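Before any comments, here is the structure.
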Amino acid sequence: MAAVAAARHEPDLLRFVIAGSVDDGKSTLVGRLLHDAGALYEDHVEALAKLAQRSGDGRLDLSLVTDGLKAEREQGVTIDVAYRYFMTARRRFIVIDTPGHEQYTRNMATGASTAGLAILLVDAKLGLLTQTRRHAFICSLLGIPRVVLAINKMDLVGHSQARFDQIRGDFERFAARLAFKSITFIPISALNGDNIVKRGSAMPWYTGQPLLEHLENVYVGGDRNLVDLRFPVQTVIRAAGERWYGGQINSGVMKVGDDVVVLPSHRRSRIRGIALHERRLESAFAPMSVAVALEDDIDVGRGAMLARPRNVPRAVRELEAMLVWMGEQPLRAGAACLLKHGTRWVRASCAEVGYRVDPDTLNRAAGLELGLNDIGRVRFTLFEERFVDAYARNRATGSFIVVDAESNATVGAGMIVEREQDEERLSPAAAKQRIVVPASGKVSAQQRATLLGQRALTIWLTGLSAAGKSTIAAELERRLVEEGRACYRLDGDNIRAGINRDLGFGPDDRRENIRRIAEVARLMNDAGLIAITAFISPYRADRQMARDIIGAERFLEVHVSAPLEACERRDPKGLYRRARSGEIAEFTGVSAPYEPPEQPHVVLPTAEQSVEACVEQLLAAVHEKARLR
């Protein structure tokens with residue numbers, strides 16, 4: 001997985017959207033952020049200074065940094081989406097300033113669709129408004145994992161901590177039903193610059209990071225889907241008698257020599273070459289735009305998709321989706337339309353409007369139509385087969401736009417959900433409300449997992465001593481907890497010190513050690529937890545026993561692979577040295593055998609990849625197996 005490691009060393013870029021209700025100060029915040037971060041050109045600052053002199057007060061109107069349309073300047077509101085690029089010493093940024101007025105909700109949804117973080121602005125005097133809640137719900141539907149609730153205009157409420165805490169509590173109660181991984185609360189004054197780039201002295205009770213510092217340090221490296229290969233072909237290139245297929249990798253990793261399947265024909269081939277401009281590559285990953293050559297001469301045209309033979313999107317003639325409706329005319333069952341999914345257009349009709357979501361309460365409201373700016377569950381019938389993923393799994397293959405067949409206007413944006421899933425983007429708090437256990441019934445493992453909003457799984461790390469199992473397990477646990485997942489790590493420190501302290505290191509005791517660990521992991525899985533184990537477990541038969549106890553559907557075998565000489569060089573506890581001198585008998589790799597897995601789910605070559613790259617690769621596999629995305 002050298003491509004995964006390469007992805008980790010790309011220049012760090014964070015796209016973030018600024019949303020909220022009208023007049024909450026979004027454009028002023030963007031201007032203040034750019035100005036105080038030194039990201040405005042001198043001539044831009046001079047132009048703002050001249051406008052300030054004309055107005056008479058001499059104060060820079062920083063809202064004009066992104067409000068570039070004449071109508072925006074005249075009305076004092078943002079209408080269109082504005083993009084600005086800037087960078088600091090730690091990170092590059094693309095800031096997306098979106099309109100707050102309800103009339104331009106469609107523009108907000110468009111701008112937020114590519115963001116990895118959302119800043120929701122709230123006026124400290126007004127508190128949470130309907131449009132604020134609507135924007136938060138849209139951000140959740142769009143799969144934006146991290147939110148900053150920036151409570152603005154704190155100077156108008158006397159920099160009151162009590163008011164900040166009140167708004168924070170209101171939003172926490174509202175967002176409990178949304179699927180955000182993390183929510184950060186920052187009190188700010190965009191007008192005065194408090195807690196934007198520097199902390200300031202007006203709110204000494206706030207001890208967290210200023211906004212820019214948080215943006216520089218928030219971790220977003222795990223957001224890319226590097227598991228599911230999805231490569232839609234956008235163009236066919238003929239050069240020097242060869243056919244190359246150009247496009248952008250939506251997700252996943254591809255390497256020369258990989259087997260692929262071409263959809264919709266289902267013809268199989270192998271990747272012969274990958275090119276980026278004039279340069280040949282051995283591998284490529286999302287979101288790179290590349291050209292690909294196949295070994296076989298098969299029919300591949302614009303709109304086709306390359307995927308892995310055992311990991312293909314679903315073939316459907318019906319779509320279930322959460323839809324943001326942007327049309328002036330309401331959407332009703334029976335309406336004909338065009339859907340643009342990926343690079344392909346398909347004719348469709350609205351089969352059913354299931355329900356509309358009330359943005360204030362997130363409750364469902366029954367109805368036969370969706371009006372302008374409504375959000376609801378809709379089912380479409382397609383006139384031809386399409387290959388799709390759930391939006392929660394893959395943004396590119398899980399989204400589409402709806403176009404009016406007569407006017408050719410874009411009237412909707414859809415996020416595909418799995419048919420069996422009732423509310424794809426709701427949190428465990430919402431799932432909890434749907435669990436009903438009869439008085440005489442038994443609580444099932446599935447119900448416990450649903451309570452936690454995850455699928456139970458045991459991640460079984462095996463490998464030689466000093467291969468890096470415990471280090472990777474600890475970092476994986478940290479990352480999963482950071483995502484809001486309930487998990488627990490089992491290793492020699494907590495197992496050998498307690499439940500298995502009566503066991504030695506001979507073959508029989510090793511087998512009993514593995515059996516007890518597997519039984520504990522199974523109980524943890526029954527409780528809905530993700531269990532992470534880090535043990536040498538040298539024998540294939542013992543690992544198969546563990547798989548049988550835990551269940552194959554819950555078992556993810558991971559080979560932490562490192563050559564014996566590399567492990568001996570590390571040897572943090574001096575165990576190999578003692579084994580070589582005869583102090584330790586039956587030591588794996590020296591005086592006892594190690595049987596590597598024959599077909600592990602994941603191989604982590606720790607002598608070749610950093611811990612960070614290994615954890616990234618493993619986390620992607622966990623997301624795939626446990627369907628955490």
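Residue numbering restarts at 1 in every chain; chains get A, B, ... in the order shown in the structure tokens, and ligands count up from 1 in that same order.
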
Got a sec: who's within 10 Å of Val388 in chain A, counting only C-alpha atoms, leaving out chain neighbours fewer than 6 positions off, as a short mmCIF file (atom, residue, chain, number, x, y, z; two decimals) with N, CA and C atoms, in the first residue's frame?
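Wrote it out as out-v1.cif, contents follow:
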```
data_model
loop_
_atom_site.label_atom_id
_atom_site.label_comp_id
_atom_site.auth_asym_id
_atom_site.auth_seq_id
_atom_site.Cartn_x
_atom_site.Cartn_y
_atom_site.Cartn_z
N VAL A 312 -17.68 -4.22 -5.97
CA VAL A 312 -18.34 -3.39 -6.99
C VAL A 312 -19.53 -2.68 -6.36
N PRO A 313 -19.90 -1.53 -6.90
CA PRO A 313 -21.11 -0.85 -6.40
C PRO A 313 -22.36 -1.65 -6.76
N ARG A 314 -23.47 -1.30 -6.11
CA ARG A 314 -24.74 -1.99 -6.34
C ARG A 314 -25.33 -1.62 -7.70
N ALA A 315 -25.88 -2.59 -8.40
CA ALA A 315 -26.63 -2.33 -9.63
C ALA A 315 -28.09 -2.13 -9.26
N VAL A 316 -28.67 -0.97 -9.60
CA VAL A 316 -30.03 -0.65 -9.17
C VAL A 316 -30.84 -0.08 -10.33
N LEU A 319 -33.69 4.14 -6.76
CA LEU A 319 -32.82 4.84 -5.82
C LEU A 319 -33.63 5.31 -4.62
N HIS A 341 -25.68 11.21 -12.48
CA HIS A 341 -24.97 10.41 -11.48
C HIS A 341 -23.58 10.13 -12.02
N GLY A 342 -22.56 10.70 -11.39
CA GLY A 342 -21.21 10.57 -11.91
C GLY A 342 -21.09 11.27 -13.24
N ASN A 394 -19.49 6.45 0.07
CA ASN A 394 -18.73 7.03 -1.04
C ASN A 394 -19.50 8.24 -1.57
N ALA A 396 -18.87 10.27 -4.07
CA ALA A 396 -18.96 10.44 -5.52
C ALA A 396 -20.00 9.53 -6.14
N THR A 397 -20.00 8.24 -5.80
CA THR A 397 -20.96 7.30 -6.38
C THR A 397 -22.26 7.25 -5.60
N GLY A 398 -22.32 7.98 -4.50
CA GLY A 398 -23.53 7.98 -3.68
C GLY A 398 -24.33 9.26 -3.79
N SER A 399 -23.99 10.13 -4.73
CA SER A 399 -24.71 11.40 -4.87
C SER A 399 -25.17 11.59 -6.31
N PHE A 400 -26.15 12.44 -6.48
CA PHE A 400 -26.64 12.76 -7.82
C PHE A 400 -27.35 14.10 -7.76
N ILE A 416 -27.71 9.10 -1.70
CA ILE A 416 -28.27 7.76 -1.76
C ILE A 416 -28.10 7.06 -0.41
N VAL A 417 -29.15 6.38 0.04
CA VAL A 417 -29.09 5.59 1.26
C VAL A 417 -29.40 4.14 0.94
N GLU A 418 -28.87 3.23 1.77
CA GLU A 418 -29.19 1.83 1.60
C GLU A 418 -30.66 1.61 1.88
#
```

List the neighbours of Val147 in chain A out to 8 Å using only C-alpha atoms; skip same-chain residues closer than 2 positions along the sequence, and give me the result as a list of chain:residue names.
A:Leu117, A:Ala118, A:Ile119, A:Leu120, A:Ile144, A:Pro145, A:Leu149, A:Phe180, A:Ser182, A:Ile183, A:Thr184

Grab the residues selected above and save them as a CSV table (one decimal), in the first residue's frame with C-alpha atoms.
```csv
chain,number,residue,atom,x,y,z
A,117,LEU,CA,-15.3,20.6,8.1
A,118,ALA,CA,-18.2,23.0,8.6
A,119,ILE,CA,-18.1,26.2,10.6
A,120,LEU,CA,-21.7,27.0,11.7
A,144,ILE,CA,-19.3,16.4,6.9
A,145,PRO,CA,-17.8,14.8,10.0
A,149,LEU,CA,-20.1,26.1,16.3
A,180,PHE,CA,-21.1,14.5,13.5
A,182,SER,CA,-16.9,16.0,16.7
A,183,ILE,CA,-18.3,19.3,17.6
A,184,THR,CA,-16.1,22.2,18.8
```

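Between CA of Gly246 in chain A and CA of Leu294 in chain A the interatomic distance comes to 11.8 Å.
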
Which residues are near Thr343 in chain A? Cut-off 8 Å, only C-alpha atoms, ignore same chain within fewer than 4 positions. Put them as a PyMOL selection string.
chain A and resi 232-234+302-303

Please provide as a ChimeraX atom specification all residues within 9 Å of Val227 in chain A, with the sequence filter that same-chain residues fewer than 4 positions apart are discarded (counting only C-alpha atoms).
/A:251-253,617,620-621,623-624

Minimum-distance residue to Pro593 in chain A, chosen among A:Leu226, A:Leu464, A:Leu503, A:Met545 (using only C-alpha atoms)
A:Leu464

So how far away is CA of Thr114 in chain A from CA of Thr88 in chain A, in Å?
21.0 Å

May I ask which of the residues A:Thr606, A:Ala202, A:Thr462, A:Leu480 is the closest one to Tyr594 in chain A, counting only C-alpha atoms?
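Ranking A:Thr606, A:Ala202, A:Thr462, A:Leu480 by distance to Tyr594 in chain A, first place goes to A:Thr462.
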
Check the DSSP output for the backbone and give back, as a PyMOL selection string, the residues of range 85-161 of chain A in alpha helix (DSSP H).
chain A and resi 105-112+130-141+161

List the neighbours of Thr207 in chain A out to 12 Å using only C-alpha atoms; skip same-chain residues closer than 2 positions along the sequence, and give me the result as a PyMOL selection string.
chain A and resi 161+185-187+195+199-205+209-210

For the selection you just gave me, I'd like the residues written to a file as a CSV table (one decimal), in the first residue's frame, keeping N, CA and C atoms.
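Printed below is again17.csv as written:
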```csv
chain,number,residue,atom,x,y,z
A,161,GLN,N,-20.2,34.4,29.4
A,161,GLN,CA,-20.0,32.9,29.4
A,161,GLN,C,-21.3,32.2,29.6
A,185,PHE,N,-16.8,24.1,20.1
A,185,PHE,CA,-17.5,25.4,20.4
A,185,PHE,C,-16.5,26.5,20.7
A,186,ILE,N,-16.6,27.6,19.9
A,186,ILE,CA,-15.7,28.7,20.1
A,186,ILE,C,-16.5,30.0,20.1
A,187,PRO,N,-16.3,30.8,21.2
A,187,PRO,CA,-16.9,32.1,21.2
A,187,PRO,C,-16.0,33.1,20.5
A,195,ASN,N,-10.6,35.7,19.2
A,195,ASN,CA,-10.6,34.3,19.1
A,195,ASN,C,-10.7,33.8,17.6
A,199,ARG,N,-6.2,34.8,20.5
A,199,ARG,CA,-7.2,34.6,21.6
A,199,ARG,C,-7.8,35.9,22.0
A,200,GLY,N,-7.1,36.9,22.3
A,200,GLY,CA,-7.7,38.2,22.7
A,200,GLY,C,-7.9,38.1,24.2
A,201,SER,N,-8.3,39.3,24.8
A,201,SER,CA,-8.4,39.4,26.3
A,201,SER,C,-9.9,39.6,26.7
A,202,ALA,N,-10.8,39.7,25.7
A,202,ALA,CA,-12.2,40.0,26.1
A,202,ALA,C,-12.9,38.8,26.8
A,203,MET,N,-12.5,37.6,26.5
A,203,MET,CA,-13.1,36.4,27.1
A,203,MET,C,-12.1,35.5,27.8
A,204,PRO,N,-11.6,35.9,28.9
A,204,PRO,CA,-10.6,35.1,29.6
A,204,PRO,C,-11.1,33.7,30.1
A,205,TRP,N,-12.4,33.6,30.2
A,205,TRP,CA,-13.0,32.3,30.6
A,205,TRP,C,-12.9,31.2,29.6
A,209,GLN,N,-8.7,26.7,21.9
A,209,GLN,CA,-7.9,27.3,20.8
A,209,GLN,C,-8.7,28.4,20.0
A,210,PRO,N,-8.0,29.4,19.5
A,210,PRO,CA,-8.6,30.3,18.5
A,210,PRO,C,-9.0,29.5,17.3
```

Report, in Å with one decimal, the straight-line distance from CA of Arg163 in chain A to CA of Lys26 in chain A.
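Interatomic distance, CA of Arg163 in chain A to CA of Lys26 in chain A: 19.9 Å.
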
Contacts of range 166-176 of chain A at 10 Å or less, counting only C-alpha atoms, minus same-chain residues fewer than 3 places along, as a ChimeraX atom specification?
/A:122-128,132-133,136-137,140,149-151,161-163,179-180,183-187,360-362,426-430

Could you give me the residues within range 264-458 of chain A that DSSP places in strand (DSSP E or B), as number ranges by chain?
A: 267-276, 279-281, 283-285, 289-294, 305-308, 311, 314-325, 331-332, 336-341, 344-357, 364-365, 369-370, 375-388, 399-404, 410-416, 457-458

Quick one: everything within 6 Å of range 526-539 of chain A, counting only C-alpha atoms, minus sequence neighbours fewer than 2 positions away in the same chain. Send it as a PyMOL selection string.
chain A and resi 445+448-449+456-464+469-470+486-491+521+523-524+541-542+594-595

Selection to disk with N, CA, C and O atoms, as a JSON list (two decimals), in the first residue's frame:
```
[["chain", "number", "residue", "atom", "x", "y", "z"],
["A", 445, "ALA", "N", -27.39, -9.13, 20.43],
["A", 445, "ALA", "CA", -26.12, -8.46, 20.15],
["A", 445, "ALA", "C", -26.31, -7.35, 19.14],
["A", 445, "ALA", "O", -25.68, -6.28, 19.22],
["A", 448, "ARG", "N", -27.66, -4.26, 20.82],
["A", 448, "ARG", "CA", -26.62, -3.54, 21.59],
["A", 448, "ARG", "C", -25.71, -2.76, 20.64],
["A", 448, "ARG", "O", -25.32, -1.63, 20.94],
["A", 449, "ALA", "N", -25.36, -3.38, 19.52],
["A", 449, "ALA", "CA", -24.52, -2.68, 18.55],
["A", 449, "ALA", "C", -25.24, -1.47, 17.97],
["A", 449, "ALA", "O", -24.64, -0.41, 17.75],
["A", 456, "ALA", "N", -20.23, -4.62, 15.64],
["A", 456, "ALA", "CA", -19.21, -5.21, 16.49],
["A", 456, "ALA", "C", -18.18, -5.93, 15.63],
["A", 456, "ALA", "O", -18.50, -6.52, 14.60],
["A", 457, "LEU", "N", -16.92, -5.92, 16.07],
["A", 457, "LEU", "CA", -15.83, -6.47, 15.27],
["A", 457, "LEU", "C", -14.65, -6.77, 16.19],
["A", 457, "LEU", "O", -14.43, -6.07, 17.18],
["A", 458, "THR", "N", -13.92, -7.84, 15.87],
["A", 458, "THR", "CA", -12.65, -8.12, 16.54],
["A", 458, "THR", "C", -11.53, -7.96, 15.53],
["A", 458, "THR", "O", -11.53, -8.62, 14.48],
["A", 459, "ILE", "N", -10.59, -7.08, 15.82],
["A", 459, "ILE", "CA", -9.43, -6.83, 14.96],
["A", 459, "ILE", "C", -8.26, -7.60, 15.58],
["A", 459, "ILE", "O", -7.75, -7.22, 16.64],
["A", 460, "TRP", "N", -7.87, -8.69, 14.94],
["A", 460, "TRP", "CA", -6.88, -9.61, 15.51],
["A", 460, "TRP", "C", -5.53, -9.35, 14.86],
["A", 460, "TRP", "O", -5.27, -9.75, 13.74],
["A", 461, "LEU", "N", -4.63, -8.68, 15.62],
["A", 461, "LEU", "CA", -3.29, -8.38, 15.12],
["A", 461, "LEU", "C", -2.35, -9.50, 15.54],
["A", 461, "LEU", "O", -2.22, -9.82, 16.73],
["A", 462, "THR", "N", -1.69, -10.11, 14.56],
["A", 462, "THR", "CA", -0.72, -11.17, 14.81],
["A", 462, "THR", "C", 0.60, -10.82, 14.15],
["A", 462, "THR", "O", 0.63, -10.16, 13.10],
["A", 463, "GLY", "N", 1.70, -11.27, 14.75],
["A", 463, "GLY", "CA", 3.02, -10.99, 14.19],
["A", 463, "GLY", "C", 4.09, -11.28, 15.22],
["A", 463, "GLY", "O", 3.81, -11.52, 16.40],
["A", 464, "LEU", "N", 5.33, -11.25, 14.79],
["A", 464, "LEU", "CA", 6.46, -11.50, 15.68],
["A", 464, "LEU", "C", 6.54, -10.46, 16.79],
["A", 464, "LEU", "O", 6.01, -9.34, 16.67],
["A", 469, "LYS", "N", 2.84, -4.59, 16.77],
["A", 469, "LYS", "CA", 1.42, -4.87, 17.02],
["A", 469, "LYS", "C", 0.83, -3.93, 18.06],
["A", 469, "LYS", "O", -0.22, -3.31, 17.84],
["A", 470, "SER", "N", 1.48, -3.83, 19.22],
["A", 470, "SER", "CA", 0.92, -3.02, 20.31],
["A", 470, "SER", "C", 0.89, -1.54, 19.96],
["A", 470, "SER", "O", -0.06, -0.83, 20.29],
["A", 486, "ALA", "N", -17.05, 2.95, 20.20],
["A", 486, "ALA", "CA", -16.84, 2.25, 21.47],
["A", 486, "ALA", "C", -15.95, 1.04, 21.21],
["A", 486, "ALA", "O", -16.35, 0.11, 20.50],
["A", 487, "CYS", "N", -14.75, 1.04, 21.75],
["A", 487, "CYS", "CA", -13.81, -0.04, 21.49],
["A", 487, "CYS", "C", -12.94, -0.28, 22.71],
["A", 487, "CYS", "O", -12.90, 0.54, 23.64],
["A", 488, "TYR", "N", -12.23, -1.43, 22.71],
["A", 488, "TYR", "CA", -11.32, -1.74, 23.81],
["A", 488, "TYR", "C", -10.17, -2.58, 23.27],
["A", 488, "TYR", "O", -10.37, -3.45, 22.42],
["A", 489, "ARG", "N", -8.98, -2.31, 23.79],
["A", 489, "ARG", "CA", -7.77, -2.99, 23.32],
["A", 489, "ARG", "C", -7.34, -4.05, 24.33],
["A", 489, "ARG", "O", -7.18, -3.77, 25.54],
["A", 490, "LEU", "N", -7.14, -5.27, 23.85],
["A", 490, "LEU", "CA", -6.62, -6.37, 24.65],
["A", 490, "LEU", "C", -5.18, -6.64, 24.21],
["A", 490, "LEU", "O", -4.91, -6.83, 23.03],
["A", 491, "ASP", "N", -4.25, -6.66, 25.19],
["A", 491, "ASP", "CA", -2.86, -7.01, 24.87],
["A", 491, "ASP", "C", -2.24, -7.70, 26.07],
["A", 491, "ASP", "O", -2.90, -7.96, 27.08],
["A", 521, "ALA", "N", -13.07, -11.49, 23.72],
["A", 521, "ALA", "CA", -13.40, -10.65, 22.56],
["A", 521, "ALA", "C", -14.83, -10.92, 22.09],
["A", 521, "ALA", "O", -15.55, -10.00, 21.70],
["A", 523, "LEU", "N", -17.39, -11.87, 23.92],
["A", 523, "LEU", "CA", -18.30, -11.21, 24.85],
["A", 523, "LEU", "C", -18.34, -9.70, 24.60],
["A", 523, "LEU", "O", -19.40, -9.07, 24.68],
["A", 524, "MET", "N", -17.18, -9.13, 24.30],
["A", 524, "MET", "CA", -17.14, -7.70, 23.99],
["A", 524, "MET", "C", -17.95, -7.41, 22.73],
["A", 524, "MET", "O", -18.69, -6.42, 22.66],
["A", 541, "ALA", "N", -3.58, -22.76, 13.56],
["A", 541, "ALA", "CA", -4.71, -23.50, 14.16],
["A", 541, "ALA", "C", -5.32, -22.73, 15.31],
["A", 541, "ALA", "O", -6.55, -22.72, 15.49],
["A", 542, "ASP", "N", -4.48, -22.08, 16.10],
["A", 542, "ASP", "CA", -4.99, -21.30, 17.23],
["A", 542, "ASP", "C", -5.78, -20.09, 16.74],
["A", 542, "ASP", "O", -6.82, -19.73, 17.31],
["A", 594, "TYR", "N", 6.91, -19.50, 14.02],
["A", 594, "TYR", "CA", 5.79, -18.58, 13.76],
["A", 594, "TYR", "C", 5.21, -18.92, 12.40],
["A", 594, "TYR", "O", 5.94, -18.97, 11.40],
["A", 595, "GLU", "N", 3.92, -19.18, 12.37],
["A", 595, "GLU", "CA", 3.22, -19.53, 11.14],
["A", 595, "GLU", "C", 2.44, -18.31, 10.66],
["A", 595, "GLU", "O", 1.38, -18.00, 11.20]]
```

Which of these residues is nearest to Glu482 in chain A, using only C-alpha atoms: A:Trp325, A:Phe505, A:Tyr219, A:Phe164?
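Smallest distance to Glu482 in chain A is found for A:Tyr219.
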
For Arg15 in chain A, which residue out of A:Ala190, A:Leu178, A:Met87, A:Val290 is the nearest one, using only C-alpha atoms?
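Checking each of A:Ala190, A:Leu178, A:Met87, A:Val290 against Arg15 in chain A, counting only C-alpha atoms, the winner is A:Met87.
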